[in-house]
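A.B. asks: This one is entry.cif, mmCIF, C-alpha atoms and all ligand atoms.
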data_query
#
loop_
_atom_site.group_PDB
_atom_site.id
_atom_site.type_symbol
_atom_site.label_atom_id
_atom_site.label_comp_id
_atom_site.auth_asym_id
_atom_site.auth_seq_id
_atom_site.Cartn_x
_atom_site.Cartn_y
_atom_site.Cartn_z
ATOM 1 C CA MET A 22 -3.036 -3.697 1.561
ATOM 2 C CA ASP A 23 -4.474 -6.088 4.160
ATOM 3 C CA LEU A 24 -5.561 -9.696 3.617
ATOM 4 C CA PHE A 25 -9.056 -10.700 4.723
ATOM 5 C CA ILE A 26 -9.574 -14.465 5.061
ATOM 6 C CA VAL A 27 -13.349 -14.925 5.205
ATOM 7 C CA THR A 28 -15.172 -18.194 5.850
ATOM 8 C CA GLY A 29 -18.682 -18.508 4.414
ATOM 9 C CA GLY A 30 -18.374 -15.595 1.994
ATOM 10 C CA SER A 31 -20.805 -17.096 -0.519
ATOM 11 C CA LYS A 32 -23.853 -15.495 1.069
ATOM 12 C CA GLY A 33 -25.282 -13.590 4.020
ATOM 13 C CA LEU A 34 -22.966 -11.648 6.319
ATOM 14 C CA GLY A 35 -19.795 -13.284 4.940
ATOM 15 C CA GLU A 36 -20.586 -12.183 1.380
ATOM 16 C CA GLN A 37 -21.044 -8.596 2.551
ATOM 17 C CA VAL A 38 -17.764 -8.702 4.513
ATOM 18 C CA CYS A 39 -15.986 -9.812 1.309
ATOM 19 C CA LEU A 40 -17.628 -6.962 -0.651
ATOM 20 C CA GLN A 41 -16.766 -4.325 1.958
ATOM 21 C CA ALA A 42 -13.135 -5.444 2.207
ATOM 22 C CA LEU A 43 -12.796 -5.462 -1.607
ATOM 23 C CA GLU A 44 -14.423 -2.041 -1.859
ATOM 24 C CA GLN A 45 -11.832 -0.674 0.567
ATOM 25 C CA GLY A 46 -9.016 -2.001 -1.632
ATOM 26 C CA HIS A 47 -7.981 -5.109 0.298
ATOM 27 C CA GLN A 48 -7.241 -8.683 -0.824
ATOM 28 C CA VAL A 49 -9.894 -11.273 0.060
ATOM 29 C CA LEU A 50 -9.660 -15.057 0.257
ATOM 30 C CA ASN A 51 -13.073 -16.669 0.635
ATOM 31 C CA LEU A 52 -13.514 -20.203 1.942
ATOM 32 C CA SER A 53 -16.939 -21.805 1.432
ATOM 33 C CA ARG A 54 -18.564 -24.763 -0.327
ATOM 34 C CA SER A 55 -20.150 -22.667 -3.062
ATOM 35 C CA ARG A 56 -18.482 -19.957 -5.112
ATOM 36 C CA PRO A 57 -19.687 -16.387 -4.526
ATOM 37 C CA THR A 58 -21.615 -14.895 -7.456
ATOM 38 C CA PHE A 59 -21.089 -11.158 -6.825
ATOM 39 C CA LYS A 60 -19.462 -9.151 -9.634
ATOM 40 C CA SER A 61 -16.178 -8.338 -7.883
ATOM 41 C CA ALA A 62 -15.607 -12.088 -7.312
ATOM 42 C CA LYS A 63 -13.946 -11.948 -10.736
ATOM 43 C CA SER A 64 -11.436 -9.271 -9.697
ATOM 44 C CA ALA A 65 -7.764 -10.086 -9.126
ATOM 45 C CA GLN A 66 -8.162 -8.990 -5.496
ATOM 46 C CA PHE A 67 -10.561 -11.834 -4.783
ATOM 47 C CA LYS A 68 -9.753 -15.514 -4.479
ATOM 48 C CA HIS A 69 -12.141 -18.359 -3.717
ATOM 49 C CA MET A 70 -11.172 -21.753 -2.376
ATOM 50 C CA THR A 71 -13.858 -24.429 -2.103
ATOM 51 C CA ALA A 72 -13.801 -25.594 1.501
ATOM 52 C CA ASP A 73 -16.247 -27.716 3.497
ATOM 53 C CA PHE A 74 -15.721 -26.976 7.188
ATOM 54 C CA SER A 75 -17.902 -29.914 8.244
ATOM 55 C CA ARG A 76 -14.843 -32.032 7.329
ATOM 56 C CA GLY A 77 -12.765 -30.389 10.063
ATOM 57 C CA LEU A 78 -9.039 -31.100 10.125
ATOM 58 C CA SER A 79 -8.855 -32.550 6.596
ATOM 59 C CA THR A 80 -10.246 -29.271 5.159
ATOM 60 C CA ILE A 81 -8.083 -27.119 7.431
ATOM 61 C CA LYS A 82 -4.944 -28.960 6.212
ATOM 62 C CA LYS A 83 -5.867 -28.077 2.599
ATOM 63 C CA VAL A 84 -6.502 -24.447 3.555
ATOM 64 C CA GLU A 85 -3.161 -24.390 5.388
ATOM 65 C CA ILE A 86 -1.335 -25.410 2.186
ATOM 66 C CA VAL A 87 -3.061 -22.599 0.230
ATOM 67 C CA LEU A 88 -2.163 -20.058 2.934
ATOM 68 C CA GLU A 89 1.450 -21.274 3.058
ATOM 69 C CA ASN A 90 1.680 -20.677 -0.690
ATOM 70 C CA LEU A 91 0.350 -17.115 -0.456
ATOM 71 C CA ASP A 92 2.980 -14.414 -0.177
ATOM 72 C CA LEU A 93 1.866 -13.185 3.251
ATOM 73 C CA SER A 94 4.877 -10.849 3.444
ATOM 74 C CA SER A 95 3.168 -8.569 0.903
ATOM 75 C CA PHE A 96 0.262 -7.756 3.267
ATOM 76 C CA ARG A 97 0.333 -5.170 6.032
ATOM 77 C CA ARG A 98 -2.056 -7.090 8.290
ATOM 78 C CA ILE A 99 -4.132 -10.274 8.202
ATOM 79 C CA HIS A 100 -7.767 -10.542 9.333
ATOM 80 C CA LEU A 101 -9.425 -13.940 9.769
ATOM 81 C CA ILE A 102 -13.216 -13.617 9.813
ATOM 82 C CA ASN A 103 -14.552 -16.919 11.168
ATOM 83 C CA ASN A 104 -18.108 -16.511 9.879
ATOM 84 C CA ALA A 105 -19.255 -19.839 8.339
ATOM 85 C CA ALA A 106 -21.802 -21.584 10.533
ATOM 86 C CA LEU A 107 -25.095 -23.418 10.478
ATOM 87 C CA ILE A 108 -28.102 -23.426 12.780
ATOM 88 C CA ASN A 109 -29.267 -27.043 12.294
ATOM 89 C CA PRO A 110 -30.005 -29.402 13.959
ATOM 90 C CA VAL A 111 -32.701 -28.072 16.273
ATOM 91 C CA GLY A 112 -35.015 -29.976 18.615
ATOM 92 C CA SER A 113 -34.784 -32.168 21.694
ATOM 93 C CA LEU A 114 -31.577 -34.123 22.242
ATOM 94 C CA ALA A 115 -33.127 -37.601 21.847
ATOM 95 C CA ASP A 116 -34.633 -36.565 18.471
ATOM 96 C CA LEU A 117 -31.388 -35.237 16.990
ATOM 97 C CA ASN A 118 -29.431 -37.180 14.380
ATOM 98 C CA PRO A 119 -25.858 -37.898 15.607
ATOM 99 C CA ASP A 120 -24.414 -37.175 12.130
ATOM 100 C CA ASP A 121 -26.057 -33.739 12.231
ATOM 101 C CA ILE A 122 -24.673 -33.096 15.726
ATOM 102 C CA ASN A 123 -21.190 -33.983 14.496
ATOM 103 C CA THR A 124 -21.516 -31.801 11.363
ATOM 104 C CA HIS A 125 -22.723 -28.889 13.481
ATOM 105 C CA LEU A 126 -20.005 -28.989 16.118
ATOM 106 C CA VAL A 127 -17.197 -29.534 13.593
ATOM 107 C CA THR A 128 -18.416 -26.670 11.352
ATOM 108 C CA ASN A 129 -19.282 -24.133 14.048
ATOM 109 C CA LEU A 130 -16.595 -24.821 16.645
ATOM 110 C CA ILE A 131 -13.777 -27.200 15.701
ATOM 111 C CA SER A 132 -13.007 -25.735 12.252
ATOM 112 C CA PRO A 133 -12.845 -22.074 13.374
ATOM 113 C CA VAL A 134 -10.567 -23.075 16.269
ATOM 114 C CA LEU A 135 -8.267 -25.032 13.933
ATOM 115 C CA LEU A 136 -8.225 -22.244 11.333
ATOM 116 C CA SER A 137 -7.423 -19.683 14.032
ATOM 117 C CA GLN A 138 -4.450 -21.842 15.091
ATOM 118 C CA VAL A 139 -3.128 -22.059 11.503
ATOM 119 C CA CYS A 140 -3.453 -18.279 11.019
ATOM 120 C CA ALA A 141 -1.850 -17.548 14.402
ATOM 121 C CA ARG A 142 1.129 -19.743 13.485
ATOM 122 C CA LEU A 143 1.583 -18.269 9.998
ATOM 123 C CA ALA A 144 1.136 -14.653 11.152
ATOM 124 C CA THR A 145 3.662 -15.218 13.946
ATOM 125 C CA GLU A 146 6.182 -16.721 11.511
ATOM 126 C CA GLU A 147 5.681 -13.790 9.112
ATOM 127 C CA LYS A 148 5.688 -11.240 12.009
ATOM 128 C CA LYS A 149 2.360 -9.839 10.760
ATOM 129 C CA PRO A 150 -0.420 -8.410 12.931
ATOM 130 C CA LEU A 151 -3.447 -10.740 12.960
ATOM 131 C CA THR A 152 -7.087 -10.106 13.900
ATOM 132 C CA ILE A 153 -9.136 -13.230 14.614
ATOM 133 C CA PHE A 154 -12.739 -12.027 14.381
ATOM 134 C CA ASN A 155 -15.120 -14.793 15.416
ATOM 135 C CA ILE A 156 -18.705 -14.200 14.359
ATOM 136 C CA GLY A 157 -20.581 -15.453 17.377
ATOM 137 C CA SER A 158 -24.084 -14.860 18.599
ATOM 138 C CA GLY A 159 -26.190 -13.721 21.522
ATOM 139 C CA ALA A 160 -26.993 -17.462 21.701
ATOM 140 C CA ALA A 161 -23.501 -17.940 23.202
ATOM 141 C CA PHE A 162 -24.693 -16.166 26.351
ATOM 142 C CA ARG A 163 -28.021 -17.898 27.094
ATOM 143 C CA PRO A 164 -29.855 -21.165 26.393
ATOM 144 C CA ILE A 165 -32.646 -21.086 23.793
ATOM 145 C CA SER A 166 -35.202 -23.880 23.720
ATOM 146 C CA GLY A 167 -34.407 -26.329 20.888
ATOM 147 C CA TRP A 168 -31.022 -24.748 20.121
ATOM 148 C CA SER A 169 -28.744 -26.885 22.310
ATOM 149 C CA MET A 170 -26.267 -27.364 19.448
ATOM 150 C CA TYR A 171 -26.140 -23.737 18.270
ATOM 151 C CA CYS A 172 -25.948 -22.313 21.809
ATOM 152 C CA SER A 173 -23.217 -24.844 22.733
ATOM 153 C CA SER A 174 -21.112 -24.274 19.618
ATOM 154 C CA LYS A 175 -21.313 -20.474 19.923
ATOM 155 C CA ALA A 176 -20.643 -20.616 23.694
ATOM 156 C CA GLY A 177 -17.582 -22.778 22.908
ATOM 157 C CA LEU A 178 -16.369 -20.236 20.355
ATOM 158 C CA LYS A 179 -16.934 -17.451 22.873
ATOM 159 C CA MET A 180 -14.908 -19.193 25.598
ATOM 160 C CA PHE A 181 -12.172 -20.067 23.071
ATOM 161 C CA THR A 182 -12.026 -16.352 22.244
ATOM 162 C CA GLU A 183 -11.886 -15.194 25.869
ATOM 163 C CA ASN A 184 -9.291 -17.778 26.852
ATOM 164 C CA THR A 185 -7.091 -17.073 23.837
ATOM 165 C CA ALA A 186 -7.350 -13.324 24.535
ATOM 166 C CA LEU A 187 -6.194 -14.032 28.107
ATOM 167 C CA ASP A 188 -3.276 -16.171 26.873
ATOM 168 C CA LEU A 189 -2.217 -13.432 24.425
ATOM 169 C CA GLU A 190 -2.362 -10.834 27.193
ATOM 170 C CA THR A 191 -0.403 -13.063 29.611
ATOM 171 C CA SER A 192 2.317 -13.633 27.013
ATOM 172 C CA LYS A 193 2.300 -9.884 26.139
ATOM 173 C CA ASN A 194 1.578 -10.779 22.510
ATOM 174 C CA LYS A 195 0.384 -7.515 20.966
ATOM 175 C CA LYS A 196 0.450 -8.772 17.374
ATOM 176 C CA ILE A 197 -2.592 -11.043 17.620
ATOM 177 C CA LYS A 198 -6.026 -9.772 18.654
ATOM 178 C CA ILE A 199 -9.074 -12.019 18.995
ATOM 179 C CA TYR A 200 -12.758 -11.059 19.304
ATOM 180 C CA HIS A 201 -16.146 -12.720 19.639
ATOM 181 C CA PHE A 202 -18.782 -10.622 17.890
ATOM 182 C CA SER A 203 -22.560 -10.806 18.363
ATOM 183 C CA PRO A 204 -23.991 -9.405 15.112
ATOM 184 C CA GLY A 205 -27.666 -9.114 16.124
ATOM 185 C CA VAL A 206 -30.465 -10.678 14.104
ATOM 186 C CA LEU A 207 -29.674 -10.431 10.386
ATOM 187 C CA ASP A 208 -31.822 -10.664 7.280
ATOM 188 C CA THR A 209 -30.080 -13.702 5.745
ATOM 189 C CA GLN A 210 -30.775 -17.265 4.684
ATOM 190 C CA MET A 211 -30.052 -18.456 8.235
ATOM 191 C CA GLN A 212 -33.071 -16.448 9.465
ATOM 192 C CA GLN A 213 -35.166 -17.938 6.647
ATOM 193 C CA THR A 214 -34.191 -21.394 7.935
ATOM 194 C CA ILE A 215 -35.046 -20.357 11.512
ATOM 195 C CA ARG A 216 -38.522 -19.155 10.454
ATOM 196 C CA SER A 217 -39.166 -22.550 8.800
ATOM 197 C CA PHE A 218 -38.628 -24.570 12.021
ATOM 198 C CA LYS A 219 -41.576 -26.461 13.528
ATOM 199 C CA LYS A 220 -42.857 -25.127 16.860
ATOM 200 C CA LYS A 221 -42.212 -28.529 18.480
ATOM 201 C CA ASP A 222 -38.483 -28.217 17.632
ATOM 202 C CA PHE A 223 -38.192 -24.456 18.194
ATOM 203 C CA PRO A 224 -40.953 -23.172 20.526
ATOM 204 C CA ASP A 225 -40.014 -19.499 19.977
ATOM 205 C CA VAL A 226 -40.415 -19.617 16.178
ATOM 206 C CA ALA A 227 -43.339 -17.135 16.191
ATOM 207 C CA SER A 228 -41.238 -14.321 17.670
ATOM 208 C CA PHE A 229 -38.595 -14.798 14.949
ATOM 209 C CA LYS A 230 -41.330 -14.640 12.276
ATOM 210 C CA LYS A 231 -42.530 -11.429 13.931
ATOM 211 C CA LEU A 232 -39.031 -9.916 13.792
ATOM 212 C CA LYS A 233 -39.180 -10.294 10.015
ATOM 213 C CA THR A 234 -42.710 -8.905 9.571
ATOM 214 C CA ASP A 235 -41.866 -6.018 11.937
ATOM 215 C CA HIS A 236 -38.717 -5.232 9.882
ATOM 216 C CA GLN A 237 -36.515 -5.749 12.940
ATOM 217 C CA LEU A 238 -33.742 -7.646 11.118
ATOM 218 C CA ARG A 239 -30.455 -5.868 10.557
ATOM 219 C CA SER A 240 -29.063 -5.562 7.048
ATOM 220 C CA PRO A 241 -25.998 -7.815 6.585
ATOM 221 C CA ALA A 242 -24.387 -5.041 4.504
ATOM 222 C CA ASP A 243 -24.633 -2.546 7.396
ATOM 223 C CA VAL A 244 -23.207 -5.040 9.887
ATOM 224 C CA ALA A 245 -20.429 -6.066 7.486
ATOM 225 C CA ALA A 246 -19.419 -2.402 7.152
ATOM 226 C CA LEU A 247 -19.042 -2.262 10.949
ATOM 227 C CA VAL A 248 -17.008 -5.505 11.005
ATOM 228 C CA VAL A 249 -14.580 -4.369 8.293
ATOM 229 C CA GLY A 250 -14.392 -0.854 9.789
ATOM 230 C CA PHE A 251 -13.492 -2.322 13.188
ATOM 231 C CA CYS A 252 -10.815 -4.649 11.767
ATOM 232 C CA LEU A 253 -9.198 -1.748 9.901
ATOM 233 C CA GLN A 254 -9.335 0.770 12.784
ATOM 234 C CA PRO A 255 -9.745 -1.097 16.094
ATOM 235 C CA GLN A 256 -8.069 1.739 18.070
ATOM 236 C CA LYS A 257 -10.999 4.030 17.211
ATOM 237 C CA TYR A 258 -13.364 1.803 19.252
ATOM 238 C CA LYS A 259 -11.260 1.605 22.452
ATOM 239 C CA MET A 260 -12.676 -1.860 23.258
ATOM 240 C CA GLN A 261 -11.669 -3.132 26.697
ATOM 241 C CA SER A 262 -13.001 -6.657 26.116
ATOM 242 C CA SER A 263 -12.678 -9.439 23.551
ATOM 243 C CA LEU A 264 -16.490 -9.760 23.619
ATOM 244 C CA ILE A 265 -18.110 -7.207 21.352
ATOM 245 C CA SER A 266 -21.591 -6.692 19.969
ATOM 246 C CA VAL A 267 -23.102 -4.886 17.027
ATOM 247 C CA GLN A 268 -24.493 -2.319 19.474
ATOM 248 C CA ASP A 269 -20.947 -1.609 20.748
ATOM 249 C CA LEU A 270 -19.738 -0.940 17.201
ATOM 250 C CA GLU A 271 -22.801 1.151 16.331
ATOM 251 C CA LYS A 272 -22.349 3.295 19.462
ATOM 252 C CA LYS A 273 -18.558 3.625 19.524
ATOM 253 C CA GLY A 274 -18.143 3.946 15.753
ATOM 254 C CA ARG A 275 -20.180 7.154 15.605
HETATM 255 N N1 LIG B 301 -28.482 -14.435 10.665
HETATM 256 C C1 LIG B 301 -28.556 -14.111 11.946
HETATM 257 O O1 LIG B 301 -29.590 -13.596 12.423
HETATM 258 C C2 LIG B 301 -27.386 -14.344 12.842
HETATM 259 C C3 LIG B 301 -27.515 -13.981 14.192
HETATM 260 C C4 LIG B 301 -26.448 -14.166 15.047
HETATM 261 C C5 LIG B 301 -25.280 -14.726 14.553
HETATM 262 N N2 LIG B 301 -25.187 -15.087 13.240
HETATM 263 C C6 LIG B 301 -23.932 -15.656 12.774
HETATM 264 O O2 LIG B 301 -23.465 -14.899 11.676
HETATM 265 C C7 LIG B 301 -22.708 -15.730 10.783
HETATM 266 C C8 LIG B 301 -23.237 -15.582 9.373
HETATM 267 O O3 LIG B 301 -24.583 -16.019 9.356
HETATM 268 P P1 LIG B 301 -25.547 -15.769 8.091
HETATM 269 O O4 LIG B 301 -26.854 -15.439 8.664
HETATM 270 O O5 LIG B 301 -24.874 -14.915 7.097
HETATM 271 O O6 LIG B 301 -25.635 -17.275 7.540
HETATM 272 P P2 LIG B 301 -26.035 -17.834 6.093
HETATM 273 O O7 LIG B 301 -26.734 -16.805 5.293
HETATM 274 O O8 LIG B 301 -26.703 -19.131 6.358
HETATM 275 O O9 LIG B 301 -24.607 -18.091 5.439
HETATM 276 C C9 LIG B 301 -23.749 -19.043 6.015
HETATM 277 C C10 LIG B 301 -22.428 -19.089 5.278
HETATM 278 O O10 LIG B 301 -21.666 -20.140 5.892
HETATM 279 C C11 LIG B 301 -21.190 -21.015 4.884
HETATM 280 N N3 LIG B 301 -21.130 -22.394 5.367
HETATM 281 C C12 LIG B 301 -22.094 -23.090 6.014
HETATM 282 N N4 LIG B 301 -21.686 -24.356 6.215
HETATM 283 C C13 LIG B 301 -20.432 -24.456 5.685
HETATM 284 C C14 LIG B 301 -19.489 -25.509 5.568
HETATM 285 N N5 LIG B 301 -19.739 -26.743 6.003
HETATM 286 N N6 LIG B 301 -18.305 -25.247 4.981
HETATM 287 C C15 LIG B 301 -18.034 -24.007 4.490
HETATM 288 N N7 LIG B 301 -18.876 -22.958 4.574
HETATM 289 C C16 LIG B 301 -20.078 -23.200 5.158
HETATM 290 C C17 LIG B 301 -22.183 -20.889 3.731
HETATM 291 O O11 LIG B 301 -21.514 -21.135 2.500
HETATM 292 P P3 LIG B 301 -21.743 -22.443 1.564
HETATM 293 O O12 LIG B 301 -23.152 -22.886 1.751
HETATM 294 O O13 LIG B 301 -21.402 -21.938 0.219
HETATM 295 O O14 LIG B 301 -20.740 -23.417 2.078
HETATM 296 C C18 LIG B 301 -22.583 -19.413 3.809
HETATM 297 O O15 LIG B 301 -21.717 -18.626 3.040
HETATM 298 C C19 LIG B 301 -22.805 -17.137 11.369
HETATM 299 O O16 LIG B 301 -21.674 -17.400 12.150
HETATM 300 C C20 LIG B 301 -24.038 -17.069 12.251
HETATM 301 O O17 LIG B 301 -24.014 -18.032 13.263
HETATM 302 C C21 LIG B 301 -26.216 -14.911 12.384
#
Once you've parsed the file, please lay out its structure as structure tokens.

C.D. replies:
Amino acid sequence: MDLFIVTGGSKGLGEQVCLQALEQGHQVLNLSRSRPTFKSAKSAQFKHMTADFSRGLSTIKKVEIVLENLDLSSFRRIHLINNAALINPVGSLADLNPDDINTHLVTNLISPVLLSQVCARLATEEKKPLTIFNIGSGAAFRPISGWSMYCSSKAGLKMFTENTALDLETSKNKKIKIYHFSPGVLDTQMQQTIRSFKKKDFPDVASFKKLKTDHQLRSPADVAALVVGFCLQPQKYKMQSSLISVQDLEKKGR
């Protein structure tokens, strides 16, 4: 049995990753502010810890204690799915609230980096293979008007992934693998939030509304199945890069 540590498993893509991993018989630890409500959340294979990643290091230290008290030796492999994130704040720099900027960058960038470090240390001590699977975004690759925070935090996560992958390769560490994953546009609460933005803050809002009316949003359950499938059988995909997209997994997983 593998251990999946999922951040933001209370809804959206994270919830579906938890469900897929449970369905395939693995242990899941979810870290989010609210408790998931799906049925299998009551099973012995599922654990929830209330964690607010906008608090950065203080939350990570609490998570670290919980992980240190888990018997990691009983798992074959560990998978950290850094999924929790937020899209706000959006708009022009001068209009943004500094508290919101801080909350955004700590939640989307600093906390996943710190949690990756904790998992890398514990997996190394336990001599267990570790996958660090960072849920990123196409927004990491290009600027989007009004999204300076989201594009910056996801670009930071992407570069953290690439640099860590390089360091692991240089040190010939084959036990830890790290990926940045662009999941495509998903039918979740985050997209609902995006569609509610004012045009002055997010000029491209109309095209995101159109994606919904044109049924162009991917199902989080389908994408979660690809994520869990990749973590369990990465060799099947023959990925040459730490940067992967939903299209890569759809194509190569066939
Ligand atoms: N939806 C898309 O179209 C899309 C596109 C590209 C990339 N992504 C990425 O995919 C991932 C999942 O997105 P989604 O659409 O599923 O989002 P979502 O529906 O808004 O869910 C976000 C999850 O993150 C958790 N979260 C947010 N702030 C948190 C905090 N401070 N502490 C702990 N947990 C927190 C939430 O849990 P609580 O509220 O319970 O804390 C929730 O479970 C994100 O990394 C997102 O950037 C999404």

A.B. asks: Just say which residues the PyMOL selection byres (((chain A and resi 80) around 12) and not hetatm) picks in this file, as a PDB file with C-alpha atoms, in the frame of the given file.

C.D. replies:
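Writing the result to result-v7.pdb gives the following:
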ATOM      1  CA  LEU A  52     -13.514 -20.203   1.942  1.00  0.00           C
ATOM      2  CA  SER A  53     -16.939 -21.805   1.432  1.00  0.00           C
ATOM      3  CA  ARG A  54     -18.564 -24.763  -0.327  1.00  0.00           C
ATOM      4  CA  MET A  70     -11.172 -21.753  -2.376  1.00  0.00           C
ATOM      5  CA  THR A  71     -13.858 -24.429  -2.103  1.00  0.00           C
ATOM      6  CA  ALA A  72     -13.801 -25.594   1.501  1.00  0.00           C
ATOM      7  CA  ASP A  73     -16.247 -27.716   3.497  1.00  0.00           C
ATOM      8  CA  PHE A  74     -15.721 -26.976   7.188  1.00  0.00           C
ATOM      9  CA  SER A  75     -17.902 -29.914   8.244  1.00  0.00           C
ATOM     10  CA  ARG A  76     -14.843 -32.032   7.329  1.00  0.00           C
ATOM     11  CA  GLY A  77     -12.765 -30.389  10.063  1.00  0.00           C
ATOM     12  CA  LEU A  78      -9.039 -31.100  10.125  1.00  0.00           C
ATOM     13  CA  SER A  79      -8.855 -32.550   6.596  1.00  0.00           C
ATOM     14  CA  ILE A  81      -8.083 -27.119   7.431  1.00  0.00           C
ATOM     15  CA  LYS A  82      -4.944 -28.960   6.212  1.00  0.00           C
ATOM     16  CA  LYS A  83      -5.867 -28.077   2.599  1.00  0.00           C
ATOM     17  CA  VAL A  84      -6.502 -24.447   3.555  1.00  0.00           C
ATOM     18  CA  GLU A  85      -3.161 -24.390   5.388  1.00  0.00           C
ATOM     19  CA  ILE A  86      -1.335 -25.410   2.186  1.00  0.00           C
ATOM     20  CA  VAL A  87      -3.061 -22.599   0.230  1.00  0.00           C
ATOM     21  CA  VAL A 127     -17.197 -29.534  13.593  1.00  0.00           C
ATOM     22  CA  THR A 128     -18.416 -26.670  11.352  1.00  0.00           C
ATOM     23  CA  ILE A 131     -13.777 -27.200  15.701  1.00  0.00           C
ATOM     24  CA  SER A 132     -13.007 -25.735  12.252  1.00  0.00           C
ATOM     25  CA  PRO A 133     -12.845 -22.074  13.374  1.00  0.00           C
ATOM     26  CA  LEU A 135      -8.267 -25.032  13.933  1.00  0.00           C
ATOM     27  CA  LEU A 136      -8.225 -22.244  11.333  1.00  0.00           C
ATOM     28  CA  VAL A 139      -3.128 -22.059  11.503  1.00  0.00           C
TER      29      VAL A 139
END

A.B. asks: Pick out the residues no farther than 6 Å from ligand LIG 301 (chain B), counting all atoms listed in the file, and list them as JSON, numbers by chain.

C.D. replies: {"A": [29, 30, 31, 32, 33, 34, 35, 53, 54, 55, 72, 73, 74, 75, 104, 105, 106, 107, 128, 156, 157, 158, 204, 205, 206, 207, 209, 210, 211, 212]}

A.B. asks: Could you list, with a cut-off of 9 Å and counting all atoms listed in the file, the residues of region 120-176 of chain A near region 91-97 of chain A, each shown with its nearest atom pair and the distance in Å rounded to one decimal, rows sorted by chain and ascending number, as a Markdown table?

C.D. replies:
| residue | atom | partner | partner_atom | distance |
| --- | --- | --- | --- | --- |
| A:Leu143 | CA | A:Leu93 | CA | 8.5 |
| A:Ala144 | CA | A:Leu93 | CA | 8.1 |
| A:Glu147 | CA | A:Ser94 | CA | 6.4 |
| A:Lys148 | CA | A:Ser94 | CA | 8.6 |
| A:Lys149 | CA | A:Arg97 | CA | 6.9 |
| A:Pro150 | CA | A:Arg97 | CA | 7.7 |

A.B. asks: So which residues touch region 254-269 of chain A within 10 Å, counting all atoms listed in the file, skipping near sequence neighbours fewer than 5 positions away, as a PDB file with C-alpha atoms, in the coordinates of the input?

C.D. replies:
ATOM      1  CA  THR A 152      -7.087 -10.106  13.900  1.00  0.00           C
ATOM      2  CA  PHE A 154     -12.739 -12.027  14.381  1.00  0.00           C
ATOM      3  CA  ASN A 155     -15.120 -14.793  15.416  1.00  0.00           C
ATOM      4  CA  ILE A 156     -18.705 -14.200  14.359  1.00  0.00           C
ATOM      5  CA  GLY A 157     -20.581 -15.453  17.377  1.00  0.00           C
ATOM      6  CA  SER A 158     -24.084 -14.860  18.599  1.00  0.00           C
ATOM      7  CA  GLY A 159     -26.190 -13.721  21.522  1.00  0.00           C
ATOM      8  CA  LYS A 179     -16.934 -17.451  22.873  1.00  0.00           C
ATOM      9  CA  MET A 180     -14.908 -19.193  25.598  1.00  0.00           C
ATOM     10  CA  THR A 182     -12.026 -16.352  22.244  1.00  0.00           C
ATOM     11  CA  GLU A 183     -11.886 -15.194  25.869  1.00  0.00           C
ATOM     12  CA  ASN A 184      -9.291 -17.778  26.852  1.00  0.00           C
ATOM     13  CA  THR A 185      -7.091 -17.073  23.837  1.00  0.00           C
ATOM     14  CA  ALA A 186      -7.350 -13.324  24.535  1.00  0.00           C
ATOM     15  CA  LEU A 187      -6.194 -14.032  28.107  1.00  0.00           C
ATOM     16  CA  LYS A 198      -6.026  -9.772  18.654  1.00  0.00           C
ATOM     17  CA  ILE A 199      -9.074 -12.019  18.995  1.00  0.00           C
ATOM     18  CA  TYR A 200     -12.758 -11.059  19.304  1.00  0.00           C
ATOM     19  CA  HIS A 201     -16.146 -12.720  19.639  1.00  0.00           C
ATOM     20  CA  PHE A 202     -18.782 -10.622  17.890  1.00  0.00           C
ATOM     21  CA  SER A 203     -22.560 -10.806  18.363  1.00  0.00           C
ATOM     22  CA  PRO A 204     -23.991  -9.405  15.112  1.00  0.00           C
ATOM     23  CA  GLY A 205     -27.666  -9.114  16.124  1.00  0.00           C
ATOM     24  CA  VAL A 206     -30.465 -10.678  14.104  1.00  0.00           C
ATOM     25  CA  ARG A 239     -30.455  -5.868  10.557  1.00  0.00           C
ATOM     26  CA  VAL A 244     -23.207  -5.040   9.887  1.00  0.00           C
ATOM     27  CA  ALA A 245     -20.429  -6.066   7.486  1.00  0.00           C
ATOM     28  CA  LEU A 247     -19.042  -2.262  10.949  1.00  0.00           C
ATOM     29  CA  VAL A 248     -17.008  -5.505  11.005  1.00  0.00           C
ATOM     30  CA  VAL A 249     -14.580  -4.369   8.293  1.00  0.00           C
ATOM     31  CA  GLY A 274     -18.143   3.946  15.753  1.00  0.00           C
ATOM     32  CA  ARG A 275     -20.180   7.154  15.605  1.00  0.00           C
TER      33      ARG A 275
END

A.B. asks: Return the single residue from A:Ala227, A:Ile108, A:Lys233, A:Gly250 that is closest to Glu44 (chain A), with distances computed using only C-alpha atoms.

C.D. replies: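 Checking each of A:Ala227, A:Ile108, A:Lys233, A:Gly250 against Glu44 (chain A), counting only C-alpha atoms, the winner is A:Gly250.
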
A.B. asks: Using all atoms listed in the file, which of the listed residues (A:Ala141, A:His236, A:Met170, A:Ile99) sits closest to Asp121 (chain A)?

C.D. replies: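 Using all atoms listed in the file, Asp121 (chain A) sits closest to A:Met170.
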
A.B. asks: Could you tell me how far CA of Cys39 (chain A) lies from CA of Asn51 (chain A), in Å and to one decimal?

C.D. replies: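 Separation between CA of Cys39 (chain A) and CA of Asn51 (chain A): 7.5 Å.
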
A.B. asks: To one decimal place, how far is CA of Ile26 (chain A) from CA of Pro110 (chain A) in Å?

C.D. replies: 26.8 Å

A.B. asks: Using only C-alpha atoms, find the one residue out of A:Lys230, A:Lys196, A:His69, A:Lys220 that sits nearest to Leu50 (chain A).

C.D. replies: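 That would be A:His69, the residue with the smallest distance to Leu50 (chain A).
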
A.B. asks: Have a look at CA of Ala242 (chain A) and CA of Gln48 (chain A) and let me know their distance in Å, one decimal.

C.D. replies: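 Rounded to one decimal, the two atoms are 18.3 Å apart.
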
A.B. asks: Starting from the structure just given, write a file holding region 136-140 of chain A with C-alpha atoms, as a short mmCIF file (atom, residue, chain, number, x, y, z; two decimals), in the first residue's frame.

C.D. replies:
data_model
loop_
_atom_site.label_atom_id
_atom_site.label_comp_id
_atom_site.auth_asym_id
_atom_site.auth_seq_id
_atom_site.Cartn_x
_atom_site.Cartn_y
_atom_site.Cartn_z
CA LEU A 136 5.91 20.60 2.64
CA SER A 137 8.01 19.14 -0.17
CA GLN A 138 11.13 19.66 1.98
CA VAL A 139 9.55 17.89 4.98
CA CYS A 140 8.44 14.93 2.82
#
